[in-house]
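Colleague: For reference, the structure I am asking about is given below.
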Amino acid sequence: MTGYEPQAALEASADILMSIHQLQLDMNGSPIPVTVSAGLASFYPGEAPEAVLEHAEHALAEAKSAGGGTVQLHQPDDELHALSL
């Protein structure tokens, strides 16, 4: 997402995850739960694209380990901030 402040991106991603979570999918009459995990990182001027990708991958790994329906945001202070469904 471009043009978002980190907290706004975290909240927008949580809204997307909630929409996906509310999908009513079924196969042969049996419900199929759908979950998504997301990792976000901000790009700052002068930062290498590889570093941003590494931060996003780390945030995604943390989101996956927290379970489905989680968004993790990596901040430059090396702290992860999460929202869960």
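By convention in this document, the chains of the structure tokens carry letters A, B, ... by their order, each chain's residues are numbered from 1, and ligands are numbered from 1 in the order they are shown.
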Just the strand (DSSP E) stuff from chain A, please, per backbone DSSP, written as a ChimeraX atom specification.
Modeller: /A:25-27,30-32,37-41,70-74,80-84
Colleague: May I have the selected residues written with C-alpha atoms, as a PDB file, in the first residue's frame?
Modeller:
```
ATOM      1  CA  LEU A  25     -17.272 -20.784   1.321  1.00  0.00           C
ATOM      2  CA  ASP A  26     -18.332 -24.402   1.267  1.00  0.00           C
ATOM      3  CA  MET A  27     -17.492 -27.603  -0.519  1.00  0.00           C
ATOM      4  CA  SER A  30     -19.193 -28.358   4.372  1.00  0.00           C
ATOM      5  CA  PRO A  31     -17.925 -24.914   5.386  1.00  0.00           C
ATOM      6  CA  ILE A  32     -14.360 -24.036   4.446  1.00  0.00           C
ATOM      7  CA  SER A  37      -1.927 -13.573   7.631  1.00  0.00           C
ATOM      8  CA  ALA A  38      -0.130 -10.410   6.529  1.00  0.00           C
ATOM      9  CA  GLY A  39       3.207  -8.773   7.224  1.00  0.00           C
ATOM     10  CA  LEU A  40       3.716  -5.055   6.629  1.00  0.00           C
ATOM     11  CA  ALA A  41       6.814  -2.880   6.581  1.00  0.00           C
ATOM     12  CA  THR A  70      -3.353 -11.601  12.019  1.00  0.00           C
ATOM     13  CA  VAL A  71      -1.547  -8.576  10.603  1.00  0.00           C
ATOM     14  CA  GLN A  72       1.913  -7.673  11.879  1.00  0.00           C
ATOM     15  CA  LEU A  73       3.521  -4.300  11.181  1.00  0.00           C
ATOM     16  CA  HIS A  74       7.285  -3.916  11.431  1.00  0.00           C
ATOM     17  CA  LEU A  80       6.194  -5.539  15.820  1.00  0.00           C
ATOM     18  CA  HIS A  81       2.687  -4.182  16.187  1.00  0.00           C
ATOM     19  CA  ALA A  82      -0.226  -6.554  15.645  1.00  0.00           C
ATOM     20  CA  LEU A  83      -3.933  -6.596  14.990  1.00  0.00           C
ATOM     21  CA  SER A  84      -5.846  -9.867  15.141  1.00  0.00           C
TER      22      SER A  84
END
```
Colleague: Check chain A with DSSP on the backbone and list each residue it calls alpha helix (DSSP H), as a PDB file with C-alpha atoms, in the first residue's frame.
Modeller:
```pdb
ATOM      1  CA  PRO A   6       1.876   2.767   9.125  1.00  0.00           C
ATOM      2  CA  GLN A   7      -1.049   2.661  11.569  1.00  0.00           C
ATOM      3  CA  ALA A   8      -3.553   3.383   8.775  1.00  0.00           C
ATOM      4  CA  ALA A   9      -2.023   0.592   6.668  1.00  0.00           C
ATOM      5  CA  LEU A  10      -2.306  -1.777   9.626  1.00  0.00           C
ATOM      6  CA  GLU A  11      -5.975  -0.885  10.104  1.00  0.00           C
ATOM      7  CA  ALA A  12      -6.757  -1.106   6.360  1.00  0.00           C
ATOM      8  CA  SER A  13      -5.115  -4.532   6.221  1.00  0.00           C
ATOM      9  CA  ALA A  14      -7.131  -5.670   9.227  1.00  0.00           C
ATOM     10  CA  ASP A  15     -10.309  -4.579   7.414  1.00  0.00           C
ATOM     11  CA  ILE A  16      -9.280  -6.669   4.382  1.00  0.00           C
ATOM     12  CA  LEU A  17      -8.566  -9.676   6.591  1.00  0.00           C
ATOM     13  CA  MET A  18     -11.955  -9.297   8.274  1.00  0.00           C
ATOM     14  CA  SER A  19     -13.695  -9.242   4.878  1.00  0.00           C
ATOM     15  CA  ILE A  20     -11.890 -12.429   3.863  1.00  0.00           C
ATOM     16  CA  HIS A  21     -12.658 -14.058   7.218  1.00  0.00           C
ATOM     17  CA  PRO A  49      14.396  -2.289  -0.949  1.00  0.00           C
ATOM     18  CA  GLU A  50      15.859  -5.594   0.213  1.00  0.00           C
ATOM     19  CA  ALA A  51      15.723  -4.396   3.830  1.00  0.00           C
ATOM     20  CA  VAL A  52      12.057  -3.446   3.497  1.00  0.00           C
ATOM     21  CA  LEU A  53      11.266  -6.861   2.037  1.00  0.00           C
ATOM     22  CA  GLU A  54      13.200  -8.555   4.846  1.00  0.00           C
ATOM     23  CA  HIS A  55      11.226  -6.589   7.440  1.00  0.00           C
ATOM     24  CA  ALA A  56       7.928  -7.501   5.756  1.00  0.00           C
ATOM     25  CA  GLU A  57       8.927 -11.176   5.615  1.00  0.00           C
ATOM     26  CA  HIS A  58       9.812 -11.104   9.317  1.00  0.00           C
ATOM     27  CA  ALA A  59       6.455  -9.498  10.124  1.00  0.00           C
ATOM     28  CA  LEU A  60       4.667 -12.123   8.001  1.00  0.00           C
ATOM     29  CA  ALA A  61       6.463 -14.962   9.798  1.00  0.00           C
ATOM     30  CA  GLU A  62       5.353 -13.497  13.127  1.00  0.00           C
ATOM     31  CA  ALA A  63       1.773 -13.132  11.855  1.00  0.00           C
ATOM     32  CA  LYS A  64       1.721 -16.750  10.685  1.00  0.00           C
ATOM     33  CA  SER A  65       3.045 -18.002  14.015  1.00  0.00           C
ATOM     34  CA  ALA A  66       0.303 -16.032  15.804  1.00  0.00           C
TER      35      ALA A  66
END
```
Colleague: Quick one: distance from atom CA of Pro76 of chain A to atom CA of Phe43 of chain A in Å, one decimal?
Modeller: 9.5 Å
